[in-house]
file coords.cif (mmCIF, C-alpha atoms)
data_work
#
loop_
_atom_site.label_atom_id
_atom_site.label_comp_id
_atom_site.auth_asym_id
_atom_site.auth_seq_id
_atom_site.Cartn_x
_atom_site.Cartn_y
_atom_site.Cartn_z
CA MET A 174 57.56 -14.21 40.47
CA PRO A 175 53.76 -14.08 40.21
CA ASP A 176 52.15 -12.11 37.40
CA PRO A 177 50.93 -8.58 38.16
CA MET A 178 47.37 -7.74 39.17
CA ARG A 179 45.13 -5.35 37.30
CA ILE A 180 43.69 -2.77 39.68
CA ARG A 181 41.20 -0.05 38.85
CA ALA A 182 39.91 2.41 41.43
CA GLN A 183 37.27 4.92 40.48
CA ALA A 184 35.90 7.60 42.81
CA ALA A 185 32.28 8.73 42.63
CA GLY A 186 31.30 11.13 45.42
CA ASP A 187 32.77 9.84 48.68
CA LYS A 188 32.72 6.25 47.50
CA THR A 189 35.47 4.61 45.50
CA THR A 190 34.90 1.35 43.68
CA VAL A 191 38.00 -0.81 43.53
CA ARG A 192 38.19 -3.64 40.99
CA VAL A 193 41.02 -6.13 41.15
CA LEU A 194 41.94 -8.98 38.83
CA MET A 195 44.52 -11.38 40.22
CA SER A 196 46.51 -13.87 38.22
CA HIS A 197 46.55 -17.13 40.15
CA GLU A 198 46.03 -20.83 39.46
CA MET A 199 43.84 -21.37 42.57
CA GLU A 200 44.28 -25.15 42.63
CA THR A 201 41.90 -26.78 45.08
CA GLY A 202 44.10 -29.78 45.85
CA LEU A 203 41.26 -32.08 44.82
CA ARG A 204 42.00 -32.35 41.13
CA LYS A 205 44.11 -35.04 39.52
CA ASP A 206 46.40 -34.67 36.54
CA ALA A 207 46.45 -36.85 33.42
CA ALA A 208 48.67 -39.39 35.22
CA GLY A 209 46.19 -39.69 38.10
CA LYS A 210 48.36 -37.85 40.56
CA THR A 211 46.78 -35.26 42.84
CA ILE A 212 47.63 -31.69 41.89
CA PRO A 213 48.74 -30.05 45.15
CA ALA A 214 46.59 -27.27 46.57
CA TRP A 215 47.75 -23.79 45.64
CA PHE A 216 45.47 -20.90 46.39
CA ILE A 217 45.35 -17.39 47.78
CA GLN A 218 44.65 -17.37 51.52
CA GLU A 219 44.87 -13.75 52.43
CA VAL A 220 43.94 -10.57 50.60
CA THR A 221 44.45 -7.12 52.07
CA ALA A 222 43.96 -3.60 50.77
CA GLN A 223 45.55 -0.39 51.94
CA LEU A 224 44.47 3.14 51.20
CA ASN A 225 47.51 5.44 51.42
CA GLY A 226 49.19 2.83 53.59
CA LYS A 227 46.24 2.43 55.98
CA PRO A 228 44.51 -0.98 56.01
CA VAL A 229 40.92 -0.76 54.74
CA PHE A 230 40.11 -4.31 53.73
CA ALA A 231 41.14 -7.84 54.72
CA ALA A 232 39.79 -11.15 53.53
CA GLU A 233 40.53 -14.81 54.09
CA TRP A 234 40.12 -16.94 51.01
CA GLY A 235 39.95 -20.65 50.42
CA PRO A 236 40.17 -23.12 47.56
CA SER A 237 36.60 -22.46 46.38
CA VAL A 238 37.56 -19.13 44.83
CA SER A 239 37.94 -19.34 41.05
CA LYS A 240 41.12 -19.28 39.00
CA ASN A 241 42.26 -15.75 38.10
CA PRO A 242 39.90 -14.25 40.69
CA PHE A 243 38.11 -10.92 40.41
CA LEU A 244 37.46 -8.83 43.52
CA GLN A 245 35.39 -5.69 43.81
CA PHE A 246 34.78 -3.56 46.90
CA VAL A 247 33.82 -0.02 47.84
CA VAL A 248 35.96 2.26 49.98
CA LYS A 249 34.63 5.41 51.61
CA GLY A 250 36.59 8.62 51.77
CA ALA A 251 39.18 8.01 49.05
CA LYS A 252 39.98 10.91 46.74
CA ALA A 253 41.41 11.06 43.24
CA GLY A 254 45.17 10.69 43.44
CA ASP A 255 45.06 8.44 46.52
CA LYS A 256 46.97 5.18 46.39
CA ILE A 257 45.24 1.82 46.71
CA ALA A 258 47.57 -1.11 47.32
CA ILE A 259 46.42 -4.73 47.17
CA THR A 260 48.40 -7.63 48.60
CA TRP A 261 47.72 -11.32 48.41
CA ARG A 262 49.50 -14.25 50.03
CA ASP A 263 48.98 -17.85 48.97
CA ASN A 264 49.37 -21.14 50.84
CA LYS A 265 52.90 -21.54 49.50
CA GLY A 266 53.82 -18.27 51.16
CA GLU A 267 54.19 -16.49 47.85
CA THR A 268 52.99 -12.92 47.88
CA ARG A 269 52.39 -10.08 45.48
CA THR A 270 51.56 -6.40 46.00
CA ASP A 271 50.38 -3.98 43.34
CA GLU A 272 49.33 -0.38 43.59
CA ALA A 273 46.91 1.83 41.67
CA THR A 274 45.95 5.47 41.81
CA VAL A 275 42.34 6.44 42.45
CA SER A 276 40.86 8.26 39.45
CA MET B 1149 -9.68 17.91 26.74
CA ARG B 1150 -11.18 16.11 29.66
CA THR B 1151 -11.88 12.94 27.75
CA ARG B 1152 -8.37 12.97 26.43
CA LEU B 1153 -7.02 13.17 29.96
CA ILE B 1154 -9.15 10.23 31.02
CA ALA B 1155 -7.96 8.28 28.04
CA ALA B 1156 -4.36 9.02 28.95
CA THR B 1157 -4.90 7.93 32.56
CA ALA B 1158 -6.53 4.75 31.38
CA ALA B 1159 -3.58 4.05 29.15
CA ALA B 1160 -1.21 4.64 32.04
CA PHE B 1161 -3.19 2.26 34.21
CA ALA B 1162 -3.06 -0.37 31.53
CA ALA B 1163 0.70 0.01 31.29
CA VAL B 1164 1.09 -0.40 35.04
CA ALA B 1165 -1.18 -3.41 35.04
CA THR B 1166 0.81 -5.24 32.39
CA LEU B 1167 4.19 -4.60 34.02
CA PRO B 1168 3.99 -7.21 36.78
CA LEU B 1169 2.74 -9.72 34.24
CA MET B 1170 5.80 -9.15 32.07
CA ALA B 1171 8.08 -9.53 35.04
CA GLN B 1172 6.55 -12.92 35.75
CA GLN B 1173 7.42 -14.22 32.33
CA PRO B 1174 10.09 -16.89 32.73
CA LYS B 1175 13.62 -15.93 31.82
CA THR B 1176 14.94 -17.83 28.85
CA ALA B 1177 18.26 -19.63 29.08
CA ALA B 1178 19.78 -17.05 26.76
CA ASP B 1179 18.66 -14.22 29.08
CA GLY B 1180 20.30 -15.97 32.00
CA ILE B 1181 23.57 -16.38 30.13
CA ALA B 1182 23.50 -12.77 28.96
CA GLU B 1183 22.99 -11.66 32.57
CA TYR B 1184 25.86 -13.86 33.74
CA ARG B 1185 28.17 -12.44 31.08
CA LYS B 1186 27.17 -8.91 32.04
CA MET B 1187 28.10 -9.59 35.66
CA LEU B 1188 31.50 -10.94 34.65
CA GLU B 1189 32.17 -8.31 32.02
CA ASP B 1190 33.87 -5.97 34.46
CA GLY B 1191 36.48 -8.48 35.49
CA ASN B 1192 37.41 -10.33 32.33
CA PRO B 1193 40.62 -12.22 33.19
CA ALA B 1194 41.57 -11.89 29.50
CA GLU B 1195 43.03 -8.58 30.67
CA LEU B 1196 45.74 -10.49 32.52
CA PHE B 1197 46.69 -12.19 29.27
CA GLU B 1198 46.60 -8.90 27.37
CA ALA B 1199 49.11 -7.44 29.82
CA LYS B 1200 51.30 -10.51 29.46
CA GLY B 1201 51.05 -10.39 25.65
CA GLU B 1202 52.03 -6.74 25.47
CA GLU B 1203 55.08 -7.41 27.59
CA LEU B 1204 56.03 -10.43 25.44
CA TRP B 1205 55.78 -8.27 22.30
CA LYS B 1206 58.15 -5.66 23.69
CA THR B 1207 60.63 -7.92 25.47
CA ALA B 1208 63.78 -9.14 23.75
CA ARG B 1209 63.58 -12.95 23.83
CA GLY B 1210 64.58 -16.11 22.01
CA PRO B 1211 67.93 -17.33 20.67
CA LYS B 1212 68.34 -14.05 18.73
CA ASN B 1213 67.36 -11.98 21.78
CA ALA B 1214 65.02 -9.75 19.79
CA THR B 1215 61.60 -8.21 20.37
CA LEU B 1216 58.62 -8.73 18.06
CA GLU B 1217 58.28 -5.00 17.44
CA ALA B 1218 59.46 -5.40 13.84
CA CYS B 1219 56.84 -8.08 13.16
CA ASP B 1220 54.58 -7.32 10.19
CA LEU B 1221 51.02 -8.41 10.92
CA GLY B 1222 49.79 -7.16 7.58
CA LEU B 1223 49.67 -3.40 8.11
CA GLY B 1224 53.44 -2.87 8.14
CA PRO B 1225 56.21 -3.77 10.60
CA GLY B 1226 55.20 -3.11 14.18
CA VAL B 1227 51.64 -1.97 13.42
CA VAL B 1228 49.35 -3.75 15.88
CA LYS B 1229 46.24 -1.59 16.03
CA GLY B 1230 43.71 -2.74 13.44
CA ALA B 1231 45.79 -5.75 12.38
CA TRP B 1232 43.49 -8.30 13.99
CA VAL B 1233 40.32 -7.36 12.06
CA GLN B 1234 42.19 -7.88 8.77
CA LEU B 1235 43.52 -11.35 9.50
CA PRO B 1236 43.92 -13.96 8.03
CA ARG B 1237 45.45 -12.36 4.92
CA TYR B 1238 48.04 -13.09 2.25
CA PHE B 1239 51.67 -12.36 3.13
CA ALA B 1240 54.09 -11.86 0.26
CA ASP B 1241 57.20 -12.83 2.27
CA THR B 1242 55.92 -16.29 3.18
CA LYS B 1243 53.73 -16.54 0.04
CA LYS B 1244 50.94 -17.85 2.25
CA VAL B 1245 47.62 -16.85 3.70
CA GLN B 1246 48.24 -16.70 7.44
CA ASP B 1247 46.11 -16.14 10.50
CA LEU B 1248 47.36 -14.30 13.56
CA GLU B 1249 48.79 -17.34 15.29
CA SER B 1250 50.63 -18.74 12.25
CA ARG B 1251 51.91 -15.24 11.48
CA LEU B 1252 53.21 -14.94 15.03
CA LEU B 1253 55.05 -18.24 14.59
CA THR B 1254 56.70 -16.81 11.46
CA CYS B 1255 57.78 -13.68 13.34
CA MET B 1256 58.99 -15.65 16.34
CA GLN B 1257 61.12 -17.77 14.01
CA THR B 1258 62.52 -15.05 11.74
CA LEU B 1259 62.96 -12.31 14.34
CA GLN B 1260 63.57 -14.17 17.59
CA GLY B 1261 65.04 -17.43 16.29
CA PHE B 1262 62.47 -19.77 17.88
CA ASP B 1263 61.66 -23.01 16.07
CA ALA B 1264 58.16 -22.46 14.66
CA ALA B 1265 57.54 -26.16 14.01
CA GLU B 1266 58.44 -26.99 17.59
CA ILE B 1267 56.02 -24.37 18.94
CA ALA B 1268 53.28 -25.65 16.62
CA ASN B 1269 53.75 -29.13 18.09
CA THR B 1270 53.68 -27.91 21.71
CA PRO B 1271 50.39 -28.61 23.51
CA PHE B 1272 48.21 -25.54 24.20
CA ASP B 1273 49.06 -23.54 27.34
CA ARG B 1274 52.59 -24.95 27.55
CA GLY B 1275 55.86 -23.16 26.90
CA GLU B 1276 55.87 -20.85 23.92
CA GLN B 1277 52.31 -21.89 22.97
CA ALA B 1278 51.18 -19.94 26.02
CA SER B 1279 53.16 -16.96 24.72
CA VAL B 1280 51.37 -17.16 21.35
CA THR B 1281 48.00 -17.16 23.12
CA ALA B 1282 48.93 -14.16 25.29
CA LEU B 1283 50.23 -12.29 22.25
CA ALA B 1284 47.00 -13.07 20.38
CA ALA B 1285 45.00 -11.73 23.33
CA TRP B 1286 46.89 -8.45 23.34
CA ILE B 1287 46.98 -8.01 19.54
CA SER B 1288 43.25 -8.67 19.21
CA SER B 1289 42.53 -6.29 22.10
CA SER B 1290 44.23 -3.52 20.13
CA SER B 1291 41.46 -3.82 17.53
CA ARG B 1292 38.59 -3.89 20.02
CA GLY B 1293 35.55 -2.06 18.69
CA MET B 1294 36.78 -2.14 15.10
CA LYS B 1295 34.89 -3.86 12.32
CA MET B 1296 35.97 -7.10 10.71
CA ALA B 1297 37.44 -6.28 7.29
CA LEU B 1298 39.36 -9.25 5.91
CA PRO B 1299 40.96 -8.52 2.55
CA GLN B 1300 39.82 -10.60 -0.42
CA LYS B 1301 41.89 -9.00 -3.17
CA HIS B 1302 44.62 -11.57 -3.61
CA ALA B 1303 43.84 -14.75 -5.57
CA GLU B 1304 45.14 -16.87 -2.67
CA GLU B 1305 42.77 -15.13 -0.24
CA LYS B 1306 39.86 -15.98 -2.51
CA ARG B 1307 41.08 -19.54 -2.88
CA PHE B 1308 41.29 -19.87 0.91
CA TYR B 1309 37.74 -18.58 1.26
CA GLU B 1310 36.49 -21.30 -1.10
CA LEU B 1311 38.66 -23.87 0.66
CA GLY B 1312 37.26 -22.80 4.02
CA LYS B 1313 33.73 -23.03 2.70
CA ARG B 1314 34.36 -26.59 1.56
CA ALA B 1315 35.85 -27.50 4.91
CA PHE B 1316 32.90 -25.87 6.69
CA PHE B 1317 30.39 -28.03 4.83
CA PHE B 1318 32.53 -31.17 4.77
CA ARG B 1319 30.73 -33.96 6.59
CA GLY B 1320 32.59 -36.83 8.16
CA GLY B 1321 33.59 -38.65 11.30
CA PRO B 1322 31.56 -41.22 13.26
CA MET B 1323 28.71 -38.72 13.70
CA ASP B 1324 28.69 -37.52 10.10
CA PHE B 1325 29.10 -33.94 11.28
CA SER B 1326 30.18 -30.82 9.49
CA CYS B 1327 30.71 -27.36 10.97
CA ALA B 1328 27.48 -26.45 9.17
CA SER B 1329 25.53 -29.13 11.08
CA CYS B 1330 25.61 -26.84 14.12
CA HIS B 1331 26.54 -23.46 12.67
CA GLY B 1332 24.61 -23.48 9.41
CA GLU B 1333 21.27 -21.99 10.44
CA ASP B 1334 19.83 -19.49 12.90
CA GLY B 1335 18.52 -20.32 16.36
CA LYS B 1336 20.37 -23.58 17.00
CA ARG B 1337 21.64 -24.49 20.44
CA ILE B 1338 24.04 -26.87 22.08
CA ARG B 1339 22.98 -27.48 25.68
CA MET B 1340 22.04 -23.93 26.74
CA GLN B 1341 24.36 -22.03 24.45
CA ASP B 1342 23.07 -20.31 21.36
CA LEU B 1343 25.09 -21.24 18.31
CA PRO B 1344 25.92 -18.50 15.85
CA ASN B 1345 25.13 -19.05 12.18
CA LEU B 1346 28.59 -18.71 10.70
CA THR B 1347 27.54 -18.94 7.05
CA LYS B 1348 26.65 -15.23 7.25
CA ASN B 1349 27.45 -12.27 9.51
CA PRO B 1350 26.15 -13.41 12.91
CA GLY B 1351 26.34 -9.85 14.31
CA ASP B 1352 28.62 -7.68 16.41
CA GLY B 1353 30.79 -9.57 18.86
CA VAL B 1354 29.39 -12.98 17.96
CA GLY B 1355 31.23 -15.94 16.43
CA PHE B 1356 34.49 -14.99 14.71
CA ALA B 1357 34.31 -11.46 16.16
CA ALA B 1358 34.40 -12.85 19.74
CA TRP B 1359 37.66 -14.82 19.68
CA PRO B 1360 40.23 -15.02 21.28
CA ALA B 1361 38.25 -15.43 24.50
CA TYR B 1362 38.69 -16.34 28.14
CA ARG B 1363 36.66 -19.40 29.15
CA VAL B 1364 35.49 -19.07 32.72
CA SER B 1365 34.57 -22.75 33.09
CA SER B 1366 38.10 -23.94 32.38
CA GLY B 1367 39.94 -20.77 33.37
CA GLU B 1368 41.78 -20.77 30.06
CA MET B 1369 42.53 -18.25 27.37
CA TRP B 1370 41.68 -19.61 23.93
CA SER B 1371 42.83 -18.28 20.59
CA MET B 1372 40.87 -19.00 17.40
CA GLN B 1373 43.25 -21.89 16.68
CA ARG B 1374 42.31 -23.54 19.95
CA ARG B 1375 38.63 -22.85 19.37
CA LEU B 1376 38.84 -24.61 15.99
CA ASN B 1377 40.84 -27.43 17.51
CA ASP B 1378 37.97 -28.06 19.91
CA CYS B 1379 35.40 -27.91 17.08
CA PHE B 1380 37.33 -30.68 15.36
CA ARG B 1381 37.29 -32.66 18.61
CA GLN B 1382 33.55 -32.25 18.96
CA GLN B 1383 33.11 -33.51 15.41
CA ARG B 1384 35.32 -36.50 16.37
CA PHE B 1385 37.71 -35.49 13.59
CA PRO B 1386 41.45 -35.93 14.00
CA TYR B 1387 43.04 -32.82 15.51
CA PRO B 1388 44.24 -30.37 12.86
CA GLY B 1389 47.84 -29.19 12.87
CA PHE B 1390 48.40 -25.87 14.65
CA GLY B 1391 48.22 -23.10 12.06
CA SER B 1392 47.53 -25.62 9.28
CA ASP B 1393 45.96 -24.51 6.00
CA VAL B 1394 42.54 -25.94 6.81
CA THR B 1395 42.31 -23.99 10.08
CA VAL B 1396 43.40 -20.78 8.35
CA ALA B 1397 40.93 -21.42 5.50
CA LEU B 1398 38.09 -21.88 8.01
CA ALA B 1399 39.10 -18.61 9.68
CA VAL B 1400 39.07 -16.84 6.29
CA TYR B 1401 35.60 -18.23 5.57
CA MET B 1402 34.18 -17.16 8.95
CA GLY B 1403 36.04 -13.84 8.97
CA VAL B 1404 34.95 -12.79 5.49
CA ASN B 1405 31.36 -13.78 6.29
CA ALA B 1406 31.54 -11.62 9.42
CA LYS B 1407 32.55 -8.53 7.42
CA GLY B 1408 31.41 -5.40 9.26
CA ALA B 1409 30.86 -7.16 12.59
CA GLU B 1410 32.38 -5.34 15.54
CA SER B 1411 35.22 -7.24 17.22
CA ILE B 1412 34.92 -7.53 21.00
CA ALA B 1413 37.95 -9.81 21.35
CA PRO B 1414 39.26 -10.90 23.70
CA ALA B 1415 35.79 -11.82 24.88
CA LEU B 1416 34.52 -13.69 27.90
CA LYS B 1417 32.88 -17.08 27.54
CA ARG B 1418 31.01 -19.24 29.98
#
call {"tool": "encode", "arguments": {"input": "coords.cif", "output": "structure tokens"}}
result
Amino acid sequence: MPDPMRIRAQAAGDKTTVRVLMSHEMETGLRKDAAGKTIPAWFIQEVTAQLNGKPVFAAEWGPSVSKNPFLQFVVKGAKAGDKIAITWRDNKGETRTDEATVS
Amino acid sequence: MRTRLIAATAAAFAAVATLPLMAQQPKTAADGIAEYRKMLEDGNPAELFEAKGEELWKTARGPKNATLEACDLGLGPGVVKGAWVQLPRYFADTKKVQDLESRLLTCMQTLQGFDAAEIANTPFDRGEQASVTALAAWISSSSRGMKMALPQKHAEEKRFYELGKRAFFFRGGPMDFSCASCHGEDGKRIRMQDLPNLTKNPGDGVGFAAWPAYRVSSGEMWSMQRRLNDCFRQQRFPYPGFGSDVTVALAVYMGVNAKGAESIAPALKR
């Protein structure tokens, strides 16, 4: 089971800034371990965000994104109390969804 | 009145004229790094480790299936807030000066039934070593913004300070290095990084007051023990034992010198 994300969503006027920290190894598949064996690629491929269940953001990621990635984006029209849900799926098919309340 | 107005306008003009000149001045390496840190500040992945550490503290684990909530970090059993800025300190139950990591090993052994020696011999980031690092991240975060205030009342604490000072100035290895070779005066650098002068208080959130920290370049969370381990490596010294007296003594020396510095741990490093 992957570790939880840290999500913060702060409204200012009609714009809400969402900050997400994801816990992921993000292996490129190009590195070798101490024994010289290639470490298999393992990275997040798909990130989506939903505001009260409605999709507002989708991204396709690759192996060039850093370990434990940080994502920030702005959503229009969210109000305090609204729910922001973030989902990622990696190349192994593993997925994690976390939710935060807009403040 | 009129002349004064003219004078004021002239002064304003002068100010405007110098502005573009100042903007053209080249950025120093330190400015660039400060800017980079500022940009990353909002998303310090150390937060992920803090969350993990808090959960580890409150979860019943180990052969005795117990939590660490009864662990005494120096301010009484279970008191976490403020504990970090007063470590290392003398503990009467173990009759030793201990830093956070070695104290955690004691608690994990006595409360949870883990084998402390086995954890100490585990490489960083593996198994229970990773737990110790996460716990250190959370415990230090509970003292964020507080000022370093290591106790120096007990005779052992004073002895460890002197021991740490000796270790800090001890030169050796193929490069004849001591900690003081790099960290003994102001304004020194390694590559582009400014090196704090650790023989005095280097300021808020610098040096001892900035660890544990998340290192962006390696994507790893480092406790002070790991930081010191790497200092020994850079000096081409043999690796010190995890939680060994010399590492604790060095922490006492740096921590006491940093008295009054604001802790920003867990910090973010390049």
call {"tool": "interface_residues", "arguments": {"input": "coords.cif", "of": "chain A", "to": "chain B", "cutoff": "9 Å", "atoms": "all atoms listed in the file", "output": "PyMOL selection string"}}
result
chain A and resi 176-179+192-196+198+239-245
call {"tool": "atom_distance", "arguments": {"input": "coords.cif", "atom1": "atom CA of Gly1312 of chain B", "atom2": "atom CA of Asp1393 of chain B"}}
result
9.1 Å
call {"tool": "closest_residue", "arguments": {"input": "coords.cif", "among": "B:Leu1221, B:Met1340, B:Ile1267, B:Val1404", "to": "Tyr1238 of chain B", "atoms": "only C-alpha atoms"}}
result
B:Leu1221
call {"tool": "resolve_selection", "arguments": {"input": "coords.cif", "expression": "the PyMOL selection byres ((chain A and resi 214-216) around 8)", "output": "PyMOL selection string"}}
result
chain A and resi 197-203+212-213+217-218+235-236+263-265
call {"tool": "residues_around", "arguments": {"input": "coords.cif", "residues": "Phe1239 of chain B", "least_positions_apart": "3", "cutoff": "10 Å", "atoms": "only C-alpha atoms", "output": "ChimeraX atom specification"}}
result
/B:1220-1222,1236,1242-1247,1251,1302,1304-1305
call {"tool": "resolve_selection", "arguments": {"input": "coords.cif", "expression": "the PyMOL selection byres ((chain B and resi 1318-1323) around 10)", "output": "list of chain:residue names"}}
result
B:Gly1312, B:Lys1313, B:Arg1314, B:Ala1315, B:Phe1316, B:Phe1317, B:Asp1324, B:Phe1325, B:Ser1326, B:Cys1327, B:Ala1328, B:Ser1329, B:Phe1380, B:Gln1382, B:Gln1383, B:Arg1384, B:Phe1385, B:Pro1386
call {"tool": "atom_distance", "arguments": {"input": "coords.cif", "atom1": "atom CA of Gly1391 of chain B", "atom2": "atom CA of Gln1373 of chain B"}}
result
6.9 Å
call {"tool": "decode", "arguments": {"input": "coords.cif", "residues": "segment 193-206 of chain A", "atoms": "C-alpha atoms", "output": "tab-separated table (two decimals), in the first residue's frame"}}
result
chain	number	residue	atom	x	y	z
A	193	VAL	CA	0.27	18.10	-3.44
A	194	LEU	CA	3.22	16.09	-2.18
A	195	MET	CA	3.30	12.49	-3.35
A	196	SER	CA	5.38	9.74	-1.86
A	197	HIS	CA	6.89	7.75	-4.72
A	198	GLU	CA	10.28	6.31	-5.69
A	199	MET	CA	10.02	7.50	-9.32
A	200	GLU	CA	12.70	5.13	-10.63
A	201	THR	CA	13.69	5.98	-14.19
A	202	GLY	CA	14.69	2.46	-15.18
A	203	LEU	CA	18.13	3.74	-16.16
A	204	ARG	CA	19.88	3.42	-12.83
A	205	LYS	CA	21.87	0.41	-11.71
A	206	ASP	CA	22.14	-0.97	-8.20
